[in-house]
Every structure is written in structure tokens, then in C-alpha cells.
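Q: One file: protein03.cif (mmCIF, C-alpha atoms).
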```
data_input
loop_
_atom_site.label_atom_id
_atom_site.label_comp_id
_atom_site.auth_asym_id
_atom_site.auth_seq_id
_atom_site.Cartn_x
_atom_site.Cartn_y
_atom_site.Cartn_z
CA MET A 1 -70.06 32.32 92.92
CA ASN A 2 -71.52 35.78 92.33
CA TYR A 3 -75.11 36.23 91.22
CA ASP A 4 -77.05 39.06 89.68
CA ALA A 5 -79.55 38.73 92.53
CA VAL A 6 -80.04 36.92 95.81
CA ILE A 7 -83.60 36.50 97.14
CA ILE A 8 -84.17 35.74 100.82
CA GLY A 9 -87.42 33.87 101.46
CA ALA A 10 -89.16 31.31 99.23
CA GLY A 11 -92.75 32.26 99.97
CA LEU A 12 -95.08 33.38 97.19
CA ALA A 13 -93.39 36.78 96.82
CA GLY A 14 -89.88 35.32 96.64
CA LEU A 15 -90.94 32.62 94.19
CA ARG A 16 -92.73 35.11 91.95
CA CYS A 17 -89.70 37.41 91.99
CA ALA A 18 -87.42 34.48 91.14
CA LEU A 19 -89.60 33.44 88.20
CA LYS A 20 -89.61 36.99 86.85
CA LEU A 21 -85.81 37.10 87.02
CA TYR A 22 -85.44 33.65 85.48
CA GLN A 23 -87.71 34.54 82.56
CA SER A 24 -85.55 37.63 81.95
CA GLY A 25 -82.26 35.73 81.97
CA ILE A 26 -81.09 37.16 85.30
CA SER A 27 -78.92 34.83 87.42
CA PHE A 28 -80.24 34.43 90.95
CA LEU A 29 -80.17 32.32 94.08
CA LEU A 30 -83.33 31.87 96.16
CA ILE A 31 -82.50 31.12 99.82
CA GLU A 32 -85.02 29.66 102.28
CA LYS A 33 -84.34 28.92 105.96
CA SER A 34 -86.95 26.15 106.28
CA ASP A 35 -87.02 22.74 104.64
CA SER A 36 -89.68 23.63 102.07
CA ILE A 37 -90.92 26.45 99.89
CA GLY A 38 -94.23 28.29 100.22
CA GLY A 39 -93.82 30.46 103.31
CA ARG A 40 -97.19 30.62 105.06
CA VAL A 41 -98.84 28.73 102.19
CA LYS A 42 -97.98 25.22 103.32
CA THR A 43 -99.74 21.87 103.44
CA ASP A 44 -99.06 18.79 105.54
CA PHE A 45 -100.16 15.28 104.61
CA LEU A 46 -101.14 13.16 107.62
CA ASN A 47 -102.51 9.62 107.34
CA GLY A 48 -104.37 10.39 104.14
CA TYR A 49 -105.58 13.85 105.25
CA THR A 50 -104.56 17.09 103.54
CA LEU A 51 -103.99 19.75 106.18
CA ASP A 52 -103.37 23.30 105.04
CA ARG A 53 -101.54 25.22 107.75
CA GLY A 54 -104.43 27.43 108.68
CA PHE A 55 -107.69 27.91 106.80
CA GLN A 56 -106.76 29.17 103.35
CA ALA A 57 -108.39 29.39 99.96
CA LEU A 58 -107.72 30.93 96.56
CA PHE A 59 -109.94 33.65 95.14
CA THR A 60 -109.79 32.68 91.47
CA ALA A 61 -110.42 36.27 90.34
CA TYR A 62 -107.04 37.47 91.64
CA PRO A 63 -105.45 39.01 88.51
CA GLU A 64 -101.89 38.08 89.50
CA ALA A 65 -102.89 34.50 90.21
CA GLN A 66 -104.65 34.29 86.85
CA SER A 67 -101.54 35.59 85.08
CA ILE A 68 -99.07 33.19 86.69
CA LEU A 69 -100.93 30.02 87.71
CA ASP A 70 -102.31 27.16 85.65
CA TYR A 71 -105.71 26.70 87.27
CA HIS A 72 -106.44 23.56 85.26
CA SER A 73 -103.35 21.81 86.63
CA LEU A 74 -104.26 22.87 90.17
CA ASN A 75 -107.55 21.00 89.73
CA LEU A 76 -109.44 23.64 91.70
CA LYS A 77 -112.54 22.69 93.67
CA GLU A 78 -114.99 25.45 94.56
CA PHE A 79 -116.71 26.37 97.79
CA TYR A 80 -120.45 27.01 97.74
CA PRO A 81 -121.15 30.58 96.53
CA GLY A 82 -122.50 31.96 99.77
CA ALA A 83 -122.29 30.97 103.41
CA ILE A 84 -124.14 29.27 106.22
CA VAL A 85 -124.55 31.39 109.35
CA ARG A 86 -125.02 29.82 112.75
CA PHE A 87 -127.35 32.05 114.75
CA ASP A 88 -130.01 31.52 117.39
CA ASP A 89 -129.31 27.75 117.54
CA GLU A 90 -129.98 27.27 113.82
CA PHE A 91 -128.09 27.26 110.53
CA HIS A 92 -129.21 29.91 108.03
CA HIS A 93 -128.16 30.00 104.37
CA LEU A 94 -127.08 33.17 102.58
CA SER A 95 -126.62 32.47 98.88
CA ASP A 96 -125.13 34.49 96.04
CA PRO A 97 -128.23 35.79 94.19
CA TRP A 98 -126.39 35.84 90.84
CA ARG A 99 -125.23 32.20 91.07
CA LYS A 100 -127.93 30.71 93.28
CA PRO A 101 -131.02 32.89 92.64
CA ILE A 102 -133.64 30.41 93.86
CA GLU A 103 -131.77 29.57 97.05
CA SER A 104 -131.10 33.27 97.57
CA MET A 105 -134.84 34.02 97.48
CA LYS A 106 -135.37 31.47 100.25
CA SER A 107 -132.92 33.33 102.49
CA LEU A 108 -134.55 36.74 102.15
CA PHE A 109 -136.53 36.45 105.37
CA ASN A 110 -134.06 34.65 107.63
CA PRO A 111 -132.88 36.52 110.77
CA ILE A 112 -129.32 37.22 109.59
CA GLY A 113 -130.40 40.61 108.28
CA SER A 114 -133.41 42.42 106.92
CA VAL A 115 -134.68 42.13 103.36
CA SER A 116 -133.31 45.64 102.87
CA ASP A 117 -129.87 44.47 104.02
CA LYS A 118 -129.84 41.67 101.47
CA ILE A 119 -130.89 44.00 98.68
CA LYS A 120 -128.10 46.36 99.73
CA ILE A 121 -125.57 43.52 99.42
CA GLY A 122 -126.65 43.08 95.80
CA LEU A 123 -126.43 46.81 95.12
CA LEU A 124 -123.01 46.99 96.77
CA ARG A 125 -121.80 44.10 94.64
CA GLN A 126 -122.94 45.89 91.49
CA LYS A 127 -121.31 49.15 92.58
CA ILE A 128 -117.95 47.57 93.43
CA ASN A 129 -117.86 45.40 90.32
CA ASN A 130 -118.20 48.53 88.19
CA LYS A 131 -114.92 49.79 89.66
CA SER A 132 -111.45 49.03 88.35
CA LEU A 133 -108.83 47.77 90.79
CA LYS A 134 -106.98 51.04 90.30
CA SER A 135 -110.02 53.04 91.41
CA ILE A 136 -110.59 50.70 94.38
CA PHE A 137 -107.03 51.12 95.63
CA SER A 138 -107.05 54.89 95.10
CA ALA A 139 -110.35 55.47 96.94
CA HIS A 140 -110.71 57.35 100.21
CA ASP A 141 -109.95 54.92 103.01
CA LYS A 142 -111.76 54.32 106.30
CA GLU A 143 -112.46 51.48 108.69
CA THR A 144 -114.73 48.81 107.24
CA ILE A 145 -117.20 49.16 110.11
CA GLN A 146 -117.69 52.82 109.22
CA TYR A 147 -117.96 51.96 105.52
CA LEU A 148 -120.70 49.38 106.15
CA ARG A 149 -122.68 51.69 108.40
CA GLU A 150 -122.48 54.52 105.88
CA ALA A 151 -123.73 52.08 103.22
CA GLY A 152 -126.88 51.66 105.33
CA PHE A 153 -126.40 48.12 106.63
CA SER A 154 -128.10 47.26 109.91
CA GLU A 155 -126.16 46.30 113.02
CA GLN A 156 -127.77 42.86 112.78
CA ILE A 157 -126.23 41.91 109.43
CA ILE A 158 -122.95 43.59 110.35
CA SER A 159 -122.58 41.51 113.52
CA ARG A 160 -124.13 38.27 112.25
CA PHE A 161 -122.62 38.12 108.74
CA PHE A 162 -119.94 40.67 107.93
CA THR A 163 -118.10 40.35 111.26
CA PRO A 164 -117.41 36.59 111.09
CA LEU A 165 -116.94 36.62 107.30
CA LEU A 166 -114.42 39.46 107.24
CA GLY A 167 -112.96 38.31 110.54
CA GLY A 168 -112.04 35.07 108.83
CA ILE A 169 -110.61 36.77 105.75
CA PHE A 170 -108.63 39.52 107.52
CA CYS A 171 -108.12 37.70 110.82
CA ASP A 172 -109.74 40.69 112.51
CA ASN A 173 -113.35 40.66 113.68
CA SER A 174 -113.23 44.26 114.92
CA LEU A 175 -113.90 45.38 111.31
CA SER A 176 -111.14 47.97 111.71
CA THR A 177 -109.54 46.79 108.47
CA SER A 178 -109.17 49.20 105.56
CA SER A 179 -112.34 49.69 103.51
CA ILE A 180 -110.11 49.54 100.43
CA MET A 181 -109.25 45.96 101.33
CA PHE A 182 -112.92 45.22 101.95
CA GLU A 183 -113.88 46.50 98.49
CA PHE A 184 -111.01 44.59 96.89
CA ILE A 185 -111.88 41.27 98.53
CA PHE A 186 -115.62 41.77 97.99
CA SER A 187 -114.86 42.35 94.31
CA MET A 188 -112.77 39.17 94.11
CA MET A 189 -115.53 37.18 95.79
CA SER A 190 -118.07 38.51 93.31
CA LEU A 191 -116.00 38.08 90.14
CA GLY A 192 -114.67 34.59 90.82
CA SER A 193 -114.95 31.63 93.11
CA ASN A 194 -113.35 30.63 96.38
CA ALA A 195 -111.45 27.41 95.73
CA LEU A 196 -109.01 24.79 96.99
CA PRO A 197 -106.41 23.00 94.85
CA SER A 198 -107.14 19.28 95.04
CA GLN A 199 -103.66 18.63 96.47
CA GLY A 200 -103.79 21.41 99.05
CA MET A 201 -102.82 25.06 99.05
CA GLN A 202 -99.10 24.28 98.79
CA ALA A 203 -99.78 23.20 95.21
CA ILE A 204 -99.80 26.94 94.42
CA PRO A 205 -96.18 27.73 95.42
CA ASP A 206 -95.12 24.28 94.21
CA GLN A 207 -96.36 25.11 90.73
CA ILE A 208 -94.17 28.23 90.58
CA TYR A 209 -91.18 26.43 92.13
CA ASN A 210 -91.37 23.67 89.51
CA ARG A 211 -90.77 26.28 86.79
CA LEU A 212 -87.43 27.33 88.32
CA PRO A 213 -84.05 25.63 87.85
CA TYR A 214 -83.53 23.15 90.68
CA GLU A 215 -80.07 24.46 91.49
CA SER A 216 -81.36 28.02 91.93
CA VAL A 217 -83.13 27.27 95.26
CA LEU A 218 -81.28 26.65 98.51
CA LEU A 219 -83.37 25.19 101.38
CA ASN A 220 -82.48 24.72 105.07
CA THR A 221 -80.24 27.76 104.87
CA PRO A 222 -80.81 30.58 107.38
CA VAL A 223 -79.44 34.03 106.64
CA SER A 224 -78.37 36.14 109.62
CA GLN A 225 -77.63 39.44 107.91
CA VAL A 226 -77.96 41.17 104.56
CA THR A 227 -76.35 44.13 102.87
CA SER A 228 -77.18 45.70 99.53
CA HIS A 229 -74.76 43.28 97.85
CA SER A 230 -74.52 40.20 100.06
CA ALA A 231 -76.34 37.59 102.13
CA ILE A 232 -74.38 36.55 105.20
CA PHE A 233 -74.86 33.19 106.93
CA PRO A 234 -74.47 32.49 110.68
CA THR A 235 -71.10 30.88 109.92
CA GLY A 236 -69.80 34.18 108.58
CA GLU A 237 -69.76 32.93 105.00
CA GLN A 238 -71.54 35.08 102.45
CA ILE A 239 -72.89 35.09 98.93
CA ASN A 240 -72.40 38.23 96.88
CA ALA A 241 -74.83 39.65 94.39
CA ARG A 242 -75.51 42.86 92.50
CA ALA A 243 -78.97 43.02 94.10
CA VAL A 244 -80.40 41.65 97.34
CA ILE A 245 -84.15 41.13 97.73
CA VAL A 246 -85.70 40.36 101.13
CA ALA A 247 -88.96 38.50 100.50
CA THR A 248 -89.72 37.25 104.01
CA ASP A 249 -92.68 38.10 106.21
CA GLY A 250 -92.55 41.46 107.99
CA PRO A 251 -91.12 40.38 111.38
CA SER A 252 -88.37 38.33 109.72
CA ALA A 253 -87.52 41.26 107.46
CA THR A 254 -87.02 43.60 110.40
CA GLU A 255 -84.72 41.05 112.05
CA LEU A 256 -82.60 40.90 108.91
CA ILE A 257 -82.58 44.58 108.00
CA GLY A 258 -83.90 46.75 110.82
CA GLY A 259 -84.47 50.46 110.50
CA PHE A 260 -87.98 50.35 109.08
CA GLU A 261 -91.45 49.75 110.43
CA VAL A 262 -93.71 46.89 109.38
CA PRO A 263 -97.39 46.47 110.23
CA LYS A 264 -98.36 44.35 113.18
CA TYR A 265 -99.66 40.90 112.39
CA LYS A 266 -102.90 39.11 113.17
CA GLY A 267 -102.85 35.48 114.33
CA ALA A 268 -105.23 32.55 114.50
CA SER A 269 -105.51 28.90 115.47
CA CYS A 270 -106.73 26.25 113.06
CA ILE A 271 -107.96 23.01 114.61
CA TYR A 272 -108.60 19.94 112.46
CA PHE A 273 -110.80 16.93 113.23
CA SER A 274 -111.51 13.74 111.35
CA ALA A 275 -115.02 12.33 111.27
CA ASP A 276 -116.87 9.24 110.10
CA ASN A 277 -120.18 11.10 110.23
CA CYS A 278 -119.93 14.35 108.29
CA PRO A 279 -122.13 17.31 109.30
CA ALA A 280 -124.70 18.24 106.65
CA ILE A 281 -123.16 21.54 105.58
CA SER A 282 -122.05 20.52 102.10
CA ASN A 283 -119.14 22.58 100.68
CA ALA A 284 -120.12 25.84 102.36
CA LEU A 285 -118.28 28.04 104.82
CA VAL A 286 -120.03 28.18 108.19
CA LEU A 287 -119.88 31.50 110.06
CA ASN A 288 -120.49 32.05 113.76
CA GLY A 289 -123.16 34.74 113.66
CA SER A 290 -123.75 34.79 117.40
CA GLY A 291 -120.27 35.93 118.42
CA LYS A 292 -120.37 33.38 121.24
CA GLY A 293 -117.72 30.73 121.75
CA PRO A 294 -114.21 30.43 120.31
CA ILE A 295 -115.02 29.36 116.75
CA ASN A 296 -115.18 32.14 114.16
CA HIS A 297 -115.82 29.86 111.18
CA LEU A 298 -115.55 26.27 110.06
CA CYS A 299 -115.78 24.19 106.94
CA VAL A 300 -115.42 20.62 105.74
CA PRO A 301 -112.57 20.79 103.19
CA SER A 302 -113.24 17.18 102.14
CA ASN A 303 -116.71 18.29 101.01
CA VAL A 304 -114.98 20.81 98.74
CA SER A 305 -112.34 18.37 97.49
CA GLU A 306 -112.61 14.66 98.26
CA SER A 307 -108.81 14.38 98.18
CA TYR A 308 -108.59 16.20 101.54
CA ALA A 309 -109.61 13.04 103.44
CA PRO A 310 -109.32 9.26 103.02
CA PRO A 311 -112.29 7.40 101.53
CA GLY A 312 -115.18 7.21 103.96
CA LYS A 313 -113.77 9.97 106.18
CA SER A 314 -114.38 13.71 106.49
CA LEU A 315 -112.02 16.52 107.46
CA ILE A 316 -113.40 19.30 109.68
CA SER A 317 -111.55 22.63 109.87
CA THR A 318 -112.30 25.16 112.65
CA THR A 319 -110.71 28.58 113.09
CA VAL A 320 -110.23 30.61 116.27
CA LEU A 321 -109.08 34.20 115.79
CA GLY A 322 -106.34 35.89 117.80
CA THR A 323 -103.15 34.74 119.50
CA GLU A 324 -104.37 34.88 123.10
CA SER A 325 -105.70 31.33 122.79
CA PHE A 326 -102.29 29.87 121.88
CA ASN A 327 -101.45 29.09 125.51
CA ASN A 328 -104.96 28.02 126.46
CA THR A 329 -104.65 24.34 127.32
CA ASN A 330 -108.45 24.14 127.40
CA LEU A 331 -108.96 25.48 123.86
CA LEU A 332 -109.56 22.07 122.33
CA ASN A 333 -112.30 21.30 124.85
CA LEU A 334 -113.92 24.69 124.32
CA VAL A 335 -113.96 24.14 120.56
CA ARG A 336 -115.33 20.62 120.93
CA ASN A 337 -118.06 21.86 123.29
CA GLN A 338 -119.14 24.44 120.70
CA LEU A 339 -119.11 21.83 117.95
CA THR A 340 -121.35 19.65 120.12
CA GLU A 341 -123.76 22.55 120.61
CA TRP A 342 -123.89 23.03 116.84
CA PHE A 343 -123.93 19.44 115.58
CA GLY A 344 -125.01 17.33 118.54
CA GLN A 345 -123.46 14.15 119.92
CA MET A 346 -121.79 13.24 116.63
CA ALA A 347 -119.13 15.91 117.30
CA LEU A 348 -117.99 14.01 120.40
CA GLU A 349 -116.87 11.19 118.13
CA TRP A 350 -114.66 13.39 115.96
CA THR A 351 -110.94 12.75 116.35
CA HIS A 352 -108.57 15.67 116.85
CA LEU A 353 -105.90 15.56 114.14
CA GLN A 354 -103.82 18.71 114.45
CA THR A 355 -103.79 22.23 115.86
CA TYR A 356 -101.86 24.99 114.11
CA ASN A 357 -101.15 28.16 116.09
CA ILE A 358 -100.14 30.74 113.50
CA PRO A 359 -98.97 34.11 114.88
CA HIS A 360 -98.43 35.78 111.49
CA VAL A 361 -101.50 34.97 109.42
CA GLN A 362 -101.92 38.44 107.96
CA PRO A 363 -100.46 41.91 108.38
CA LYS A 364 -102.82 44.33 110.08
CA GLN A 365 -104.29 46.56 107.38
CA ALA A 366 -105.73 49.58 109.09
CA PRO A 367 -106.60 52.70 107.11
CA PRO A 368 -105.00 54.46 105.40
CA LEU A 369 -103.77 51.32 103.62
CA SER A 370 -100.96 53.07 101.72
CA ARG A 371 -99.34 54.21 104.97
CA SER A 372 -99.79 50.92 106.83
CA ILE A 373 -98.27 48.81 104.02
CA GLY A 374 -95.38 50.81 102.54
CA GLY A 375 -94.96 49.47 99.01
CA THR A 376 -92.44 47.20 97.28
CA ARG A 377 -89.28 49.30 96.95
CA PHE A 378 -85.58 49.76 97.53
CA LEU A 379 -84.86 50.95 101.06
CA SER A 380 -82.32 53.71 101.71
CA ASN A 381 -79.66 51.06 102.39
CA GLY A 382 -80.06 49.69 98.87
CA ILE A 383 -81.90 46.49 99.86
CA LEU A 384 -85.09 45.69 97.96
CA ILE A 385 -87.97 44.55 100.16
CA CYS A 386 -91.10 42.73 99.04
CA GLY A 387 -93.89 40.56 100.41
CA ASP A 388 -97.62 40.79 101.07
CA HIS A 389 -96.87 43.20 103.93
CA ARG A 390 -95.66 45.69 101.29
CA GLU A 391 -98.77 45.60 99.04
CA ASN A 392 -101.78 43.91 100.66
CA GLY A 393 -102.32 40.88 102.84
CA SER A 394 -103.44 38.31 100.28
CA ILE A 395 -102.14 35.86 97.70
CA GLN A 396 -102.71 38.67 95.20
CA GLY A 397 -100.58 41.03 97.31
CA ALA A 398 -97.71 38.55 97.67
CA LEU A 399 -97.61 37.71 93.96
CA THR A 400 -97.90 41.37 92.98
CA SER A 401 -95.07 42.37 95.30
CA GLY A 402 -92.85 39.61 93.96
CA ARG A 403 -93.47 40.64 90.36
CA ILE A 404 -92.78 44.30 91.13
CA ALA A 405 -89.59 43.34 92.96
CA GLY A 406 -88.45 41.40 89.89
CA GLU A 407 -89.18 44.33 87.61
CA LEU A 408 -87.36 46.78 89.89
CA THR A 409 -84.35 44.47 90.04
CA ILE A 410 -84.22 44.07 86.28
CA ASN A 411 -84.45 47.84 85.76
CA MET A 412 -81.71 48.48 88.31
CA LEU A 413 -79.35 45.89 86.84
CA ASN A 414 -79.95 47.13 83.28
CA SER A 415 -79.15 50.69 84.33
CA GLN A 416 -75.73 49.80 85.76
#
```
Now, as a test, write the supplied structure out as C-alpha cells.

A:
Amino acid sequence: MNYDAVIIGAGLAGLRCALKLYQSGISFLLIEKSDSIGGRVKTDFLNGYTLDRGFQALFTAYPEAQSILDYHSLNLKEFYPGAIVRFDDEFHHLSDPWRKPIESMKSLFNPIGSVSDKIKIGLLRQKINNKSLKSIFSAHDKETIQYLREAGFSEQIISRFFTPLLGGIFCDNSLSTSSIMFEFIFSMMSLGSNALPSQGMQAIPDQIYNRLPYESVLLNTPVSQVTSHSAIFPTGEQINARAVIVATDGPSATELIGGFEVPKYKGASCIYFSADNCPAISNALVLNGSGKGPINHLCVPSNVSESYAPPGKSLISTTVLGTESFNNTNLLNLVRNQLTEWFGQMALEWTHLQTYNIPHVQPKQAPPLSRSIGGTRFLSNGILICGDHRENGSIQGALTSGRIAGELTINMLNSQ
């Protein structure tokens, strides 16, 4: 059977592209090599625990997410608007002054930064929120560390707050990420909440998938080669189409197509524990402000959404940045030792549930962003390429790229 379009990869970009084509009456086949949709946005269910593959969350202010997702059906549960910073053997709260003004006043004199630093955060929020997304993405680009220093922030708040916070978001605690991406994410954090679907992050791609015809998605089907008009399987069989869209992650795209450069990727390990005795950190994100030890940040997802753990149990999520720890057989002990330093003997009783080593968490997004990403477009060989590595490394970027790919496909087919 011939199709108008074949899409390779059923992550967020591929699903969004497929939905755009379906809504426009374009025949398509969405092909996925694994046994489930979602790409890197996946969730496992283990003995009553909901384990997202890597620490993930949805910024509800993402415009593309707002336009395509039914937030009510996702039953979103919000993180605390702020963070807890572990520094100097204590936990210090930093609260959003607009949403938690009284608690924010209490944090003015903690050692995470000066009073001036905390006032500057408020002024920066106001400045960025007055910008449109178009103006943010067209601004002069630089490394985030330079941006923060030029904004007058002290080295104390940069190292104790911004480094672990942005390290967790961009999987890069060197703060070498594009300042455009910093402004974009800071804007999303200010304008909306950070939330988890009650049934795990995979509920997001599942919601899009459930709007597509069942027969239009082919799982467990690897593709070994693509041309501008065909997808070829390892058996030599092929499916022909008027348009071919590659919606995989960057490394997989280069294996299929070749001949173009993709950004390098940042990796991380996510280590889950179950606990009978939950640490008293509520639904907040905890940042490692000291820079010591393997943990960059942790949270208790079951404090955000009770459905993440069985009744009477808690789920602890810890994140270690980088890929160098993947082969460290002692990593679990190092993480547990740090948890014991932070929370005392109770952490020794926590049960290890699962470790996810994820080499391709996010594409590296060094300035200038436009050059490091590349844009959703037809390549010279006629193949259309999309994915978060073409726009920006976020759920917003993946959904945007998928929509643009759908629009480009429709325009191309209508012009023939």
C-alpha cells in the first residue's frame, strides 16, 4: 500500500506530525522500532509504583502543549512553586514570591544568595515575562553563565541555585547552555506550573496516540534505511510514500540518513527508591547547592501525585548528571551515602527499585542556538527531518517540530 506520508519514530514529534496529517485528511503510516510509543517520554509501572524513565515534568505554560493536550484529562499535579536547596548541611527554601509571598520573605536571608540576588530574580522574572517568545528566540545568544553574571548575580547564587536547577533542566551543570533557552525555560516556569500527569509522563504521548487511527501506527518495526519516497526494512521490504519524515532522536536520524550534523547529547542516571518513611520535603524539588556528591537533584514524585506509589509508600527520585557514571558499579552506594548524609538513618531503609541510565536525555544547546539546532526542514535529499533536536530540547520543542513537519508535508503534497 502507498501512503501520502511515512513517519519514522513515534515520539512526541512523530505523534504530533501524525495528528496534524490525520486532521488534514492525509494518509500516513507511523512506524516505531520499539514496542511502545512516546520516545524518551516513557513510564514503567512496577509493583504499584509509577516510574518515569528519567526525571521529567511538564511546564504547563508550553504553548504547543496547551494547544494540543487536554490538561484536565491528564489530571496534572503540581510541584511546589520554588525549590529546596541543600547547602551547608541544611535544607533552605526558595519560594516564588508571586505565588508564595510569605514563605518567600522568610527565605530572603538564607545563605543561598544575598537579598540583592533574590530581588534580582524577581526583576529578571518581570523582564522576561514582558517578552514574547518570538523576541526571546531572536535575542542575542550567549552562554547562560555569562548571561547570569552580566545580570549581576553573585557567584554564590549561581553555584548554589542556578547551577543545580539548570543542570537538572538542561542536563548540563556547566551553565554553557544557550541564554535563549534559559530565558525561554525561565519564562515557562514563571507563567505556569511544573506538573506531573497522575498516570505518569507517558500519559502525554498516549493522549495524542489515542486520537490517531489504530491501524496507522506500526510498532516493533525497525527501519534500516530511508529515501525521499520510501522506508526500507532490514528484510529488504519497503513501504512507499510521497513524503518521508524522520522523527527520531538525533543519533538515530544520522544512522538512517547520514550526511548532516546533529548536536551532541547530554545524559543522566535516574535512581528510584521506595520508602515507608518519607523525607519531609513535601512536593518540592530538592537541589544540591553544595556541588558535592553525585546527586544533582531529587524529589518525591508520590508527594506530587499520590498515584506514583502504593498506599502507605513513598517514591524517591534522584538524578545524577552525565554518562560517566553509567559504568560505575559503586554509583548506587555513593547515592545512598549522600541520601544518608541528607536524611539520616531512614535513608538506609529505602529500597532500590530501578536505575535508568539515559544517554540521550537532551541535545546539547550551546550558543548560538539557531546554529546548534538546525530547524525542522527538508534536507537536500528530500527527506523531512523533525524532533526536539531541530527546534529546542523540550516537550515544547518536540511538539513544535512535529507540527511544523506536518505543515511542511501538507504544503509539499498540495503543491504536487

Q: For the provided coordinates, the residues matched by the PyMOL selection byres ((chain A and resi 391-402) around 7) should be stated as a PyMOL selection string.

A: chain A and resi 12-14+16-17+62+64-65+362-363+373+375-376+386-390+403-406

Q: Excluding Ile145 in chain A and its own-chain neighbours fewer than 4 positions away, which residues fall within 7 Å of it when counting all atoms listed in the file? Please give them as a PyMOL selection string.

A: chain A and resi 149+175-176

Q: Written as a list of chain:residue names, what is the full residue list that the PyMOL selection byres ((chain A and resi 105-118) around 8) yields on the file shown?

A: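 Evaluating the PyMOL selection byres ((chain A and resi 105-118) around 8) on these coordinates yields A:Val85, A:Phe87, A:His92, A:His93, A:Leu94, A:Ser95, A:Pro97, A:Pro101, A:Ile102, A:Glu103, A:Ser104, A:Ile119, A:Lys120, A:Ile121, A:Gly122, A:Gly152, A:Phe153, A:Ser154, A:Gln156, A:Ile157, A:Arg160, A:Phe161, A:Gly289.
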
Q: As a ChimeraX atom specification, please: the residues near range 39-53 of chain A (cut-off 9 Å, all atoms listed in the file, same-chain neighbours under 5 positions excluded).

A: /A:9-12,32,34,199-205,248-249,270,272,274,301-302,307-311,314-315,317,353-358,360-361

Q: Report as a list in words the residues that result from applying the PyMOL selection byres ((chain A and resi 219) around 7) to the structure here.

A: Ile31, Glu32, Lys33, Ser34, Asp35, Ser36, Val217, Leu218, Asn220 and Thr221 of chain A

Q: Just give me the gap between CA of Asn381 in chain A and CA of Ile257 in chain A in Å, one decimal is fine.

A: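 Rounded to one decimal, the two atoms are 9.1 Å apart.
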
Q: Work out how far apart CA of Glu215 in chain A and CA of Gln23 in chain A are and give it in Å to one decimal.

A: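 Those two atoms sit 15.5 Å apart.
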
Q: Neighbours of Cys299 in chain A within 7 Å (all atoms listed in the file; same-chain residues fewer than 2 positions away dropped), as a PyMOL selection string?

A: chain A and resi 284-286+301+316-318

Q: Let me make sure I understand: among A:Gly192, A:Gly25, A:Pro263, A:Ala231, which one has the smallest atom-to-atom distance to Gln66 in chain A if we use all atoms listed in the file?

A: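 For Gln66 in chain A, the nearest of the given residues is A:Gly192.
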
Q: Show which residues sit within 12 Å of Glu78 in chain A, as a PDB file with C-alpha atoms, keeping the file's coordinate frame. Count only C-alpha atoms, and ignore same-chain residues fewer than 3 positions away.

A:
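Below you can see around-v1.pdb, which holds the result:
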```pdb
ATOM      1  CA  ALA A  57    -108.390  29.390  99.960  1.00  0.00           C
ATOM      2  CA  LEU A  58    -107.720  30.930  96.560  1.00  0.00           C
ATOM      3  CA  PHE A  59    -109.940  33.650  95.140  1.00  0.00           C
ATOM      4  CA  THR A  60    -109.790  32.680  91.470  1.00  0.00           C
ATOM      5  CA  TYR A  71    -105.710  26.700  87.270  1.00  0.00           C
ATOM      6  CA  LEU A  74    -104.260  22.870  90.170  1.00  0.00           C
ATOM      7  CA  ASN A  75    -107.550  21.000  89.730  1.00  0.00           C
ATOM      8  CA  PRO A  81    -121.150  30.580  96.530  1.00  0.00           C
ATOM      9  CA  GLY A  82    -122.500  31.960  99.770  1.00  0.00           C
ATOM     10  CA  MET A 189    -115.530  37.180  95.790  1.00  0.00           C
ATOM     11  CA  GLY A 192    -114.670  34.590  90.820  1.00  0.00           C
ATOM     12  CA  SER A 193    -114.950  31.630  93.110  1.00  0.00           C
ATOM     13  CA  ASN A 194    -113.350  30.630  96.380  1.00  0.00           C
ATOM     14  CA  ALA A 195    -111.450  27.410  95.730  1.00  0.00           C
ATOM     15  CA  LEU A 196    -109.010  24.790  96.990  1.00  0.00           C
ATOM     16  CA  PRO A 197    -106.410  23.000  94.850  1.00  0.00           C
ATOM     17  CA  SER A 198    -107.140  19.280  95.040  1.00  0.00           C
ATOM     18  CA  SER A 282    -122.050  20.520 102.100  1.00  0.00           C
ATOM     19  CA  ASN A 283    -119.140  22.580 100.680  1.00  0.00           C
ATOM     20  CA  ALA A 284    -120.120  25.840 102.360  1.00  0.00           C
ATOM     21  CA  LEU A 285    -118.280  28.040 104.820  1.00  0.00           C
ATOM     22  CA  PRO A 301    -112.570  20.790 103.190  1.00  0.00           C
ATOM     23  CA  SER A 302    -113.240  17.180 102.140  1.00  0.00           C
ATOM     24  CA  ASN A 303    -116.710  18.290 101.010  1.00  0.00           C
ATOM     25  CA  VAL A 304    -114.980  20.810  98.740  1.00  0.00           C
ATOM     26  CA  SER A 305    -112.340  18.370  97.490  1.00  0.00           C
ATOM     27  CA  GLU A 306    -112.610  14.660  98.260  1.00  0.00           C
TER      28      GLU A 306
END
```

Q: Kindly complete range 81-92 of chain A to N, CA and C atoms; the output should be written as an mmCIF file, in the frame of the given file.

A:
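Everything below was put into part.cif:
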```
data_model
loop_
_atom_site.group_PDB
_atom_site.id
_atom_site.type_symbol
_atom_site.label_atom_id
_atom_site.label_comp_id
_atom_site.auth_asym_id
_atom_site.auth_seq_id
_atom_site.Cartn_x
_atom_site.Cartn_y
_atom_site.Cartn_z
ATOM 1 N N PRO A 81 -121.112 29.115 96.657
ATOM 2 C CA PRO A 81 -121.150 30.580 96.530
ATOM 3 C C PRO A 81 -122.137 31.214 97.503
ATOM 4 N N GLY A 82 -121.678 31.422 98.691
ATOM 5 C CA GLY A 82 -122.500 31.960 99.770
ATOM 6 C C GLY A 82 -121.936 31.490 101.089
ATOM 7 N N ALA A 83 -122.749 31.424 102.094
ATOM 8 C CA ALA A 83 -122.290 30.970 103.410
ATOM 9 C C ALA A 83 -123.475 30.450 104.198
ATOM 10 N N ILE A 84 -123.154 29.687 105.235
ATOM 11 C CA ILE A 84 -124.140 29.270 106.220
ATOM 12 C C ILE A 84 -123.803 29.990 107.520
ATOM 13 N N VAL A 85 -124.777 30.628 108.112
ATOM 14 C CA VAL A 85 -124.550 31.390 109.350
ATOM 15 C C VAL A 85 -125.241 30.688 110.506
ATOM 16 N N ARG A 86 -124.457 30.406 111.544
ATOM 17 C CA ARG A 86 -125.020 29.820 112.750
ATOM 18 C C ARG A 86 -125.483 30.940 113.669
ATOM 19 N N PHE A 87 -126.790 31.002 113.892
ATOM 20 C CA PHE A 87 -127.350 32.050 114.750
ATOM 21 C C PHE A 87 -128.640 31.549 115.386
ATOM 22 N N ASP A 88 -128.794 31.855 116.658
ATOM 23 C CA ASP A 88 -130.010 31.520 117.390
ATOM 24 C C ASP A 88 -130.302 30.014 117.306
ATOM 25 N N ASP A 89 -129.231 29.220 117.487
ATOM 26 C CA ASP A 89 -129.310 27.750 117.540
ATOM 27 C C ASP A 89 -129.768 27.106 116.238
ATOM 28 N N GLU A 90 -129.623 27.837 115.113
ATOM 29 C CA GLU A 90 -129.980 27.270 113.820
ATOM 30 C C GLU A 90 -128.952 27.680 112.776
ATOM 31 N N PHE A 91 -128.947 26.929 111.671
ATOM 32 C CA PHE A 91 -128.090 27.260 110.530
ATOM 33 C C PHE A 91 -128.946 27.953 109.471
ATOM 34 N N HIS A 92 -128.474 29.121 109.021
ATOM 35 C CA HIS A 92 -129.210 29.910 108.030
ATOM 36 C C HIS A 92 -128.340 30.114 106.789
#
```
